[in-house]
$ cat query_11.cif   # mmCIF, C-alpha atoms
data_work
loop_
_atom_site.label_atom_id
_atom_site.label_comp_id
_atom_site.auth_asym_id
_atom_site.auth_seq_id
_atom_site.Cartn_x
_atom_site.Cartn_y
_atom_site.Cartn_z
CA MET A 1 -4.23 -4.26 25.54
CA THR A 2 -1.95 -4.17 22.54
CA ILE A 3 -2.10 -1.47 19.95
CA GLU A 4 -1.54 -2.70 16.47
CA THR A 5 1.03 -0.66 14.61
CA PRO A 6 0.35 -0.13 10.92
CA HIS A 7 2.54 -2.48 8.94
CA LYS A 8 3.01 -0.05 6.12
CA ASN A 9 4.60 3.39 6.10
CA GLY A 10 1.88 4.85 3.93
CA MET A 11 0.04 8.12 3.49
CA THR A 12 -3.32 8.48 1.80
CA ILE A 13 -4.93 11.79 0.92
CA ILE A 14 -8.34 12.62 -0.49
CA ALA A 15 -8.10 15.82 -2.54
CA SER A 16 -11.62 17.15 -2.91
CA LYS A 17 -11.13 20.84 -3.62
CA GLY A 18 -10.20 22.45 -6.91
CA THR A 19 -9.40 26.09 -6.25
CA LEU A 20 -5.90 27.48 -6.70
CA ASP A 21 -5.33 27.86 -2.95
CA TRP A 22 -6.60 24.39 -2.04
CA ALA A 23 -4.56 22.84 -4.84
CA PHE A 24 -1.38 23.29 -2.80
CA PRO A 25 -1.85 21.21 0.38
CA PRO A 26 -2.25 17.76 -1.24
CA PHE A 27 0.74 18.24 -3.55
CA ILE A 28 2.97 19.85 -0.90
CA VAL A 29 2.25 17.30 1.81
CA GLY A 30 2.21 14.43 -0.68
CA SER A 31 5.55 15.25 -2.31
CA THR A 32 7.22 15.94 1.04
CA ALA A 33 5.93 12.68 2.53
CA ALA A 34 7.26 10.80 -0.49
CA ALA A 35 10.62 12.53 -0.05
CA MET A 36 10.61 11.33 3.56
CA GLY A 37 10.16 7.75 2.49
CA LYS A 38 6.42 7.31 2.70
CA GLU A 39 4.36 5.47 0.14
CA VAL A 40 1.89 8.16 -0.89
CA THR A 41 -1.45 7.90 -2.65
CA ILE A 42 -3.64 10.88 -3.49
CA PHE A 43 -7.22 10.24 -4.53
CA PHE A 44 -8.72 13.12 -6.53
CA THR A 45 -12.47 13.38 -6.35
CA PHE A 46 -15.16 15.95 -7.08
CA TYR A 47 -13.58 19.39 -7.59
CA GLY A 48 -10.17 17.99 -6.72
CA LEU A 49 -10.27 16.06 -9.97
CA GLY A 50 -9.49 19.29 -11.85
CA LEU A 51 -5.97 19.20 -10.34
CA LEU A 52 -5.11 16.30 -12.65
CA LEU A 53 -6.11 18.08 -15.85
CA LYS A 54 -3.44 18.78 -18.46
CA ASP A 55 -4.57 22.37 -18.53
CA LEU A 56 -4.45 24.00 -15.10
CA SER A 57 -5.11 27.53 -16.34
CA GLY A 58 -8.64 27.28 -14.97
CA LEU A 59 -7.44 27.19 -11.35
CA ARG A 60 -8.78 30.22 -9.56
CA VAL A 61 -9.08 31.66 -6.11
CA SER A 62 -11.94 33.78 -4.85
CA PRO A 63 -12.29 36.06 -1.85
CA GLN A 64 -16.06 35.46 -2.18
CA GLY A 65 -17.18 33.85 1.06
CA ASN A 66 -13.53 33.63 2.13
CA PRO A 67 -13.02 36.48 4.61
CA ALA A 68 -9.73 35.03 5.87
CA MET A 69 -8.00 35.65 2.55
CA PRO A 70 -5.64 38.63 2.83
CA MET A 71 -5.76 41.10 -0.03
CA LYS A 72 -2.37 42.69 -0.29
CA MET A 73 -0.68 44.38 -3.20
CA PRO A 74 2.16 42.22 -4.60
CA PHE A 75 3.91 45.34 -5.89
CA GLY A 76 4.35 49.02 -5.07
CA PRO A 77 6.02 50.70 -2.10
CA GLN A 78 6.52 48.71 1.13
CA TRP A 79 3.90 50.68 3.12
CA LEU A 80 1.29 49.91 0.47
CA GLN A 81 2.18 46.20 0.33
CA LYS A 82 1.62 45.96 4.09
CA ILE A 83 -2.02 47.06 3.90
CA ASP A 84 -4.59 44.28 3.99
CA PHE A 85 -7.54 45.49 1.92
CA ALA A 86 -9.72 42.49 2.70
CA PRO A 87 -11.49 43.95 5.75
CA LYS A 88 -12.02 47.22 3.86
CA ILE A 89 -13.76 45.73 0.84
CA PRO A 90 -17.38 44.58 1.27
CA ASN A 91 -17.78 40.94 0.27
CA ILE A 92 -20.52 41.86 -2.22
CA MET A 93 -17.81 43.50 -4.34
CA TRP A 94 -16.49 40.07 -5.26
CA ASN A 95 -19.74 39.44 -7.16
CA VAL A 96 -18.70 42.01 -9.74
CA PRO A 97 -17.70 40.28 -12.99
CA GLY A 98 -13.95 40.06 -13.39
CA MET A 99 -13.16 40.33 -9.68
CA GLU A 100 -12.37 36.63 -9.36
CA LEU A 101 -9.90 36.85 -12.23
CA PHE A 102 -8.41 39.94 -10.64
CA ALA A 103 -8.00 38.18 -7.27
CA THR A 104 -6.49 35.12 -9.01
CA SER A 105 -4.02 37.25 -10.91
CA MET A 106 -2.99 39.06 -7.70
CA MET A 107 -2.54 35.73 -5.91
CA LYS A 108 -0.40 34.35 -8.74
CA LYS A 109 1.74 37.50 -8.72
CA THR A 110 2.18 37.21 -4.95
CA MET A 111 3.22 33.56 -5.26
CA LYS A 112 5.67 34.31 -8.05
CA LYS A 113 7.19 37.17 -6.09
CA ASN A 114 7.70 34.86 -3.10
CA ASN A 115 9.16 32.10 -5.25
CA ILE A 116 6.43 29.62 -4.37
CA ALA A 117 6.53 26.48 -6.51
CA THR A 118 3.72 26.20 -9.06
CA ILE A 119 1.10 23.46 -8.99
CA GLU A 120 2.51 22.05 -12.25
CA GLU A 121 5.95 21.87 -10.66
CA LEU A 122 4.75 20.21 -7.43
CA ARG A 123 2.58 17.76 -9.37
CA GLY A 124 5.57 16.86 -11.54
CA VAL A 125 7.72 16.20 -8.49
CA CYS A 126 4.97 14.01 -7.03
CA LEU A 127 4.97 11.85 -10.16
CA GLU A 128 8.75 11.76 -10.23
CA MET A 129 8.85 10.56 -6.62
CA GLY A 130 6.38 7.81 -7.25
CA VAL A 131 3.32 9.35 -5.60
CA LYS A 132 0.30 7.45 -6.84
CA LEU A 133 -2.26 9.89 -8.26
CA ILE A 134 -5.70 8.36 -8.66
CA ALA A 135 -8.55 10.03 -10.53
CA CYS A 136 -12.04 9.21 -9.29
CA GLU A 137 -13.73 7.37 -12.13
CA MET A 138 -17.21 8.33 -10.97
CA THR A 139 -16.44 12.06 -10.97
CA ILE A 140 -14.95 11.86 -14.48
CA GLY A 141 -18.27 10.58 -15.77
CA MET A 142 -20.29 13.05 -13.75
CA PHE A 143 -18.37 16.11 -14.92
CA GLY A 144 -18.14 14.88 -18.51
CA TYR A 145 -14.36 14.54 -18.76
CA THR A 146 -12.52 11.99 -20.87
CA ARG A 147 -9.17 10.37 -20.12
CA GLU A 148 -7.55 12.51 -22.81
CA ASP A 149 -8.15 15.54 -20.58
CA PHE A 150 -5.80 14.22 -17.90
CA ILE A 151 -2.02 14.06 -17.56
CA ASP A 152 -0.16 10.81 -18.16
CA GLY A 153 1.07 8.62 -15.35
CA ILE A 154 -2.10 8.62 -13.25
CA GLU A 155 -4.46 5.82 -12.34
CA TYR A 156 -8.22 5.56 -12.47
CA ALA A 157 -10.28 3.92 -9.73
CA GLY A 158 -13.05 4.28 -7.21
CA ALA A 159 -13.75 4.47 -3.48
CA ALA A 160 -13.06 0.79 -2.79
CA THR A 161 -9.54 1.08 -4.20
CA TYR A 162 -8.91 4.12 -2.06
CA LEU A 163 -10.14 2.35 1.08
CA ASP A 164 -8.04 -0.71 0.34
CA ILE A 165 -4.89 1.42 0.09
CA ALA A 166 -5.87 3.55 3.11
CA GLN A 167 -6.10 0.38 5.20
CA GLY A 168 -2.32 0.10 5.14
CA SER A 169 -1.64 3.78 5.70
CA ASN A 170 -0.82 5.45 8.98
CA HIS A 171 -1.58 8.95 7.69
CA ASP A 172 -4.96 9.60 6.16
CA LEU A 173 -5.99 13.13 5.26
CA PHE A 174 -9.12 14.67 3.77
CA ILE A 175 -8.37 17.91 2.01
CA MET B 1 34.26 17.94 1.93
CA ALA B 2 30.82 17.81 0.42
CA GLN B 3 30.85 16.07 -2.91
CA HIS B 4 27.33 17.00 -3.86
CA ILE B 5 25.69 20.40 -3.57
CA VAL B 6 22.09 21.55 -3.85
CA ASP B 7 21.59 25.28 -4.07
CA ALA B 8 18.01 25.90 -3.01
CA THR B 9 18.55 29.60 -2.34
CA GLY B 10 15.35 31.58 -2.74
CA LEU B 11 13.16 28.49 -2.86
CA ASN B 12 10.37 28.00 -0.37
CA CYS B 13 8.89 25.02 1.42
CA PRO B 14 8.79 22.23 0.35
CA MET B 15 11.24 22.70 -2.55
CA PRO B 16 14.54 22.55 -0.58
CA ILE B 17 13.53 19.18 0.90
CA LEU B 18 12.37 17.89 -2.49
CA LYS B 19 15.56 19.03 -4.23
CA ALA B 20 17.64 17.44 -1.46
CA LYS B 21 15.75 14.17 -1.80
CA GLN B 22 16.23 14.15 -5.57
CA ALA B 23 19.97 14.69 -5.12
CA LEU B 24 20.26 12.01 -2.42
CA ALA B 25 18.50 9.51 -4.67
CA LYS B 26 21.36 9.80 -7.18
CA MET B 27 24.09 9.44 -4.55
CA ASN B 28 25.82 6.45 -3.01
CA ALA B 29 25.61 5.59 0.68
CA LYS B 30 28.02 7.48 2.97
CA GLU B 31 28.44 10.31 0.47
CA THR B 32 27.77 13.81 1.72
CA LEU B 33 25.31 16.33 0.39
CA ARG B 34 25.49 20.02 1.12
CA VAL B 35 22.23 21.96 0.91
CA ILE B 36 22.19 25.74 0.88
CA CYS B 37 18.88 27.52 1.33
CA THR B 38 17.25 30.68 2.61
CA ASP B 39 13.92 29.22 3.74
CA LYS B 40 13.58 30.15 7.42
CA GLY B 41 11.70 26.96 8.25
CA SER B 42 14.41 24.77 6.79
CA THR B 43 16.37 24.07 9.98
CA LYS B 44 13.46 22.30 11.66
CA ASP B 45 12.43 20.69 8.38
CA PHE B 46 15.85 19.19 7.65
CA ILE B 47 16.13 17.84 11.19
CA ALA B 48 12.72 16.19 10.72
CA PHE B 49 13.61 14.98 7.23
CA CYS B 50 16.80 13.29 8.47
CA HIS B 51 14.97 11.89 11.50
CA GLN B 52 12.44 10.20 9.24
CA THR B 53 14.74 9.06 6.46
CA GLY B 54 17.70 7.85 8.53
CA ASN B 55 20.13 10.11 6.68
CA ILE B 56 22.59 11.75 9.05
CA LEU B 57 22.55 15.48 9.58
CA LEU B 58 26.26 16.08 10.10
CA SER B 59 25.93 19.82 10.62
CA ASN B 60 23.59 22.73 10.22
CA GLU B 61 24.57 26.35 10.41
CA GLU B 62 23.13 29.75 9.71
CA LYS B 63 25.34 32.35 8.11
CA ASP B 64 24.27 35.70 6.64
CA GLY B 65 20.67 34.57 6.20
CA GLN B 66 21.73 31.32 4.59
CA PHE B 67 21.07 27.92 6.09
CA ILE B 68 23.66 25.29 5.26
CA PHE B 69 23.15 21.61 5.91
CA ASN B 70 25.57 18.72 5.49
CA ILE B 71 23.80 15.41 5.15
CA GLU B 72 25.37 11.97 4.95
CA LYS B 73 23.35 9.51 2.95
CA ALA B 74 22.25 6.52 5.04
CA ALA B 75 23.95 3.20 4.41
#

$ encode --input "query_11.cif" --output "structure tokens"
Amino acid sequence: MTIETPHKNGMTIIASKGTLDWAFPPFIVGSTAAAMGKEVTIFFTFYGLGLLLKDLSGLRVSPQGNPAMPMKMPFGPQWLQKIDFAPKIPNIMWNVPGMELFATSMMKKTMKKNNIATIEELRGVCLEMGVKLIACEMTIGMFGYTREDFIDGIEYAGAATYLDIAQGSNHDLFI
Amino acid sequence: MAQHIVDATGLNCPMPILKAKQALAKMNAKETLRVICTDKGSTKDFIAFCHQTGNILLSNEEKDGQFIFNIEKAA
């Protein structure tokens, strides 16, 4: 039996999630793969589509239904920063208005403190390195966006286009 | 001696790799790039990066919490 090796050194990713935390994996893996010589395509669909908007200020993260998310203070004395408040706070607390914004602001502060690249920055590097960013045309219609809402340099297509590109890829991820 | 230098001190994954790639793209074959970073995962990452891209990792060392890589651009 012979195993057919993919003829193309490609990577295809479906980005389907649009929260601040889930925004990172497609751009980190995509940009790094491009840097390592892969031909990368990321297809943004459903909530992932929001990652291609010009305005990313709406990206949020919520501890609601996400018990694995650590809640640590990004400032204050060392002993305080070590405490994980997540197990101490009942999940129902995250229903209180404003808590999501609070959690998002804490997450952003933590990222800034640790010198983590921003989504804007990673997305820019992706474009610079020739990563193909495709917006799902169907989702644009469904969520009522127009092309003016999105950054320049992206493409618009549907599932068939994605599948055609994925055919020649030896890495295919659903995020 | 390294002719090109990328200072990625303080930057986290994947920025040192991305900055290195951007610098390599502007260089000629056989030229050497020196990358300085503090990301603890960078040693394994730069070995993998060079393995995949064919660039040659001439040396990697750790000194005072800094990781220094010398990379020769592939011909």

$ closest_residue --input "query_11.cif" --among "A:Lys72, A:Arg147, A:Lys38, A:Lys82" --to "chain B" --atoms "all atoms listed in the file"
A:Lys38

$ interface_residues --input "query_11.cif" --of "chain A" --to "chain B" --cutoff "8 Å" --atoms "all atoms listed in the file" --output "PDB file with C-alpha atoms, keeping the file's coordinate frame"
ATOM      1  CA  ILE A  28       2.970  19.850  -0.900  1.00  0.00           C
ATOM      2  CA  SER A  31       5.550  15.250  -2.310  1.00  0.00           C
ATOM      3  CA  THR A  32       7.220  15.940   1.040  1.00  0.00           C
ATOM      4  CA  ALA A  35      10.620  12.530  -0.050  1.00  0.00           C
ATOM      5  CA  MET A  36      10.610  11.330   3.560  1.00  0.00           C
ATOM      6  CA  GLY A  37      10.160   7.750   2.490  1.00  0.00           C
ATOM      7  CA  ASN A 114       7.700  34.860  -3.100  1.00  0.00           C
ATOM      8  CA  ASN A 115       9.160  32.100  -5.250  1.00  0.00           C
ATOM      9  CA  ILE A 116       6.430  29.620  -4.370  1.00  0.00           C
ATOM     10  CA  ALA A 117       6.530  26.480  -6.510  1.00  0.00           C
ATOM     11  CA  VAL A 125       7.720  16.200  -8.490  1.00  0.00           C
TER      12      VAL A 125
END

$ residues_near_point --input "query_11.cif" --point "(0.3, 33.6, -2.9)" --cutoff "12 Å" --atoms "only C-alpha atoms" --output "number ranges by chain"
A: 20-24, 60-61, 69-74, 103-119; B: 12

$ axis_aligned_box --input "query_11.cif" --around "range 39-48 of chain B" --padding-each-side "4 Å" --output "JSON"
{"center_x": 14.0, "center_y": 23.2, "center_z": 7.7, "size_x": 12.7, "size_y": 22.0, "size_z": 15.9}

$ atom_distance --input "query_11.cif" --atom1 "CA of Ala34 in chain A" --atom2 "CA of Gly130 in chain A"
7.4 Å

$ residues_around --input "query_11.cif" --residues "Pro90 in chain A" --least-positions-apart "5" --cutoff "10 Å" --atoms "all atoms listed in the file" --output "list in words"
Gln64, Pro67 and Phe85 of chain A

$ atom_distance --input "query_11.cif" --atom1 "CA of Ser42 in chain B" --atom2 "CA of Ile5 in chain B"
15.9 Å

$ residues_around --input "query_11.cif" --residues "Ile36 in chain B" --least-positions-apart "3" --cutoff "9 Å" --atoms "all atoms listed in the file" --output "ChimeraX atom specification"
/B:5-9,16,66-69

$ residues_around --input "query_11.cif" --residues "Lys17 in chain A" --least-positions-apart "2" --cutoff "7 Å" --atoms "all atoms listed in the file" --output "short mmCIF file (atom, residue, chain, number, x, y, z; two decimals) with C-alpha atoms, in the coordinates of the input"
data_model
loop_
_atom_site.label_atom_id
_atom_site.label_comp_id
_atom_site.auth_asym_id
_atom_site.auth_seq_id
_atom_site.Cartn_x
_atom_site.Cartn_y
_atom_site.Cartn_z
CA ALA A 15 -8.10 15.82 -2.54
CA THR A 19 -9.40 26.09 -6.25
CA TRP A 22 -6.60 24.39 -2.04
CA ALA A 23 -4.56 22.84 -4.84
CA TYR A 47 -13.58 19.39 -7.59
CA GLY A 48 -10.17 17.99 -6.72
CA ILE A 175 -8.37 17.91 2.01
#

$ atom_distance --input "query_11.cif" --atom1 "CA of Gly41 in chain B" --atom2 "CA of Gln78 in chain A"
23.5 Å

$ residues_near_point --input "query_11.cif" --point "(25.1, 6.8, 2.2)" --cutoff "6 Å" --atoms "only C-alpha atoms" --output "PyMOL selection string"
chain B and resi 28-31+72-75

$ write_last_selection --input "query_11.cif" --atoms "C-alpha atoms" --output "mmCIF file, in the coordinates of the input"
data_model
loop_
_atom_site.group_PDB
_atom_site.id
_atom_site.type_symbol
_atom_site.label_atom_id
_atom_site.label_comp_id
_atom_site.auth_asym_id
_atom_site.auth_seq_id
_atom_site.Cartn_x
_atom_site.Cartn_y
_atom_site.Cartn_z
ATOM 1 C CA ASN B 28 25.820 6.450 -3.010
ATOM 2 C CA ALA B 29 25.610 5.590 0.680
ATOM 3 C CA LYS B 30 28.020 7.480 2.970
ATOM 4 C CA GLU B 31 28.440 10.310 0.470
ATOM 5 C CA GLU B 72 25.370 11.970 4.950
ATOM 6 C CA LYS B 73 23.350 9.510 2.950
ATOM 7 C CA ALA B 74 22.250 6.520 5.040
ATOM 8 C CA ALA B 75 23.950 3.200 4.410
#

$ closest_residue --input "query_11.cif" --among "B:Val35, B:Ile56, B:Ile47, B:Gly65" --to "Ala23 in chain B" --atoms "all atoms listed in the file"
B:Val35

$ resolve_selection --input "query_11.cif" --expression "the PyMOL selection byres ((chain A and resi 42) around 8)" --output "list of chain:residue names"
A:Thr12, A:Ile13, A:Ile14, A:Ala15, A:Pro26, A:Gly30, A:Val40, A:Thr41, A:Phe43, A:Phe44, A:Val131, A:Lys132, A:Leu133, A:Ile134

$ write_last_selection --input "query_11.cif" --atoms "C-alpha atoms" --output "compact mmCIF listing (two decimals), keeping the file's coordinate frame"
# COMPACT_ATOMS: atom_id res chain seq x y z
CA THR A 12 -3.32 8.48 1.80
CA ILE A 13 -4.93 11.79 0.92
CA ILE A 14 -8.34 12.62 -0.49
CA ALA A 15 -8.10 15.82 -2.54
CA PRO A 26 -2.25 17.76 -1.24
CA GLY A 30 2.21 14.43 -0.68
CA VAL A 40 1.89 8.16 -0.89
CA THR A 41 -1.45 7.90 -2.65
CA PHE A 43 -7.22 10.24 -4.53
CA PHE A 44 -8.72 13.12 -6.53
CA VAL A 131 3.32 9.35 -5.60
CA LYS A 132 0.30 7.45 -6.84
CA LEU A 133 -2.26 9.89 -8.26
CA ILE A 134 -5.70 8.36 -8.66
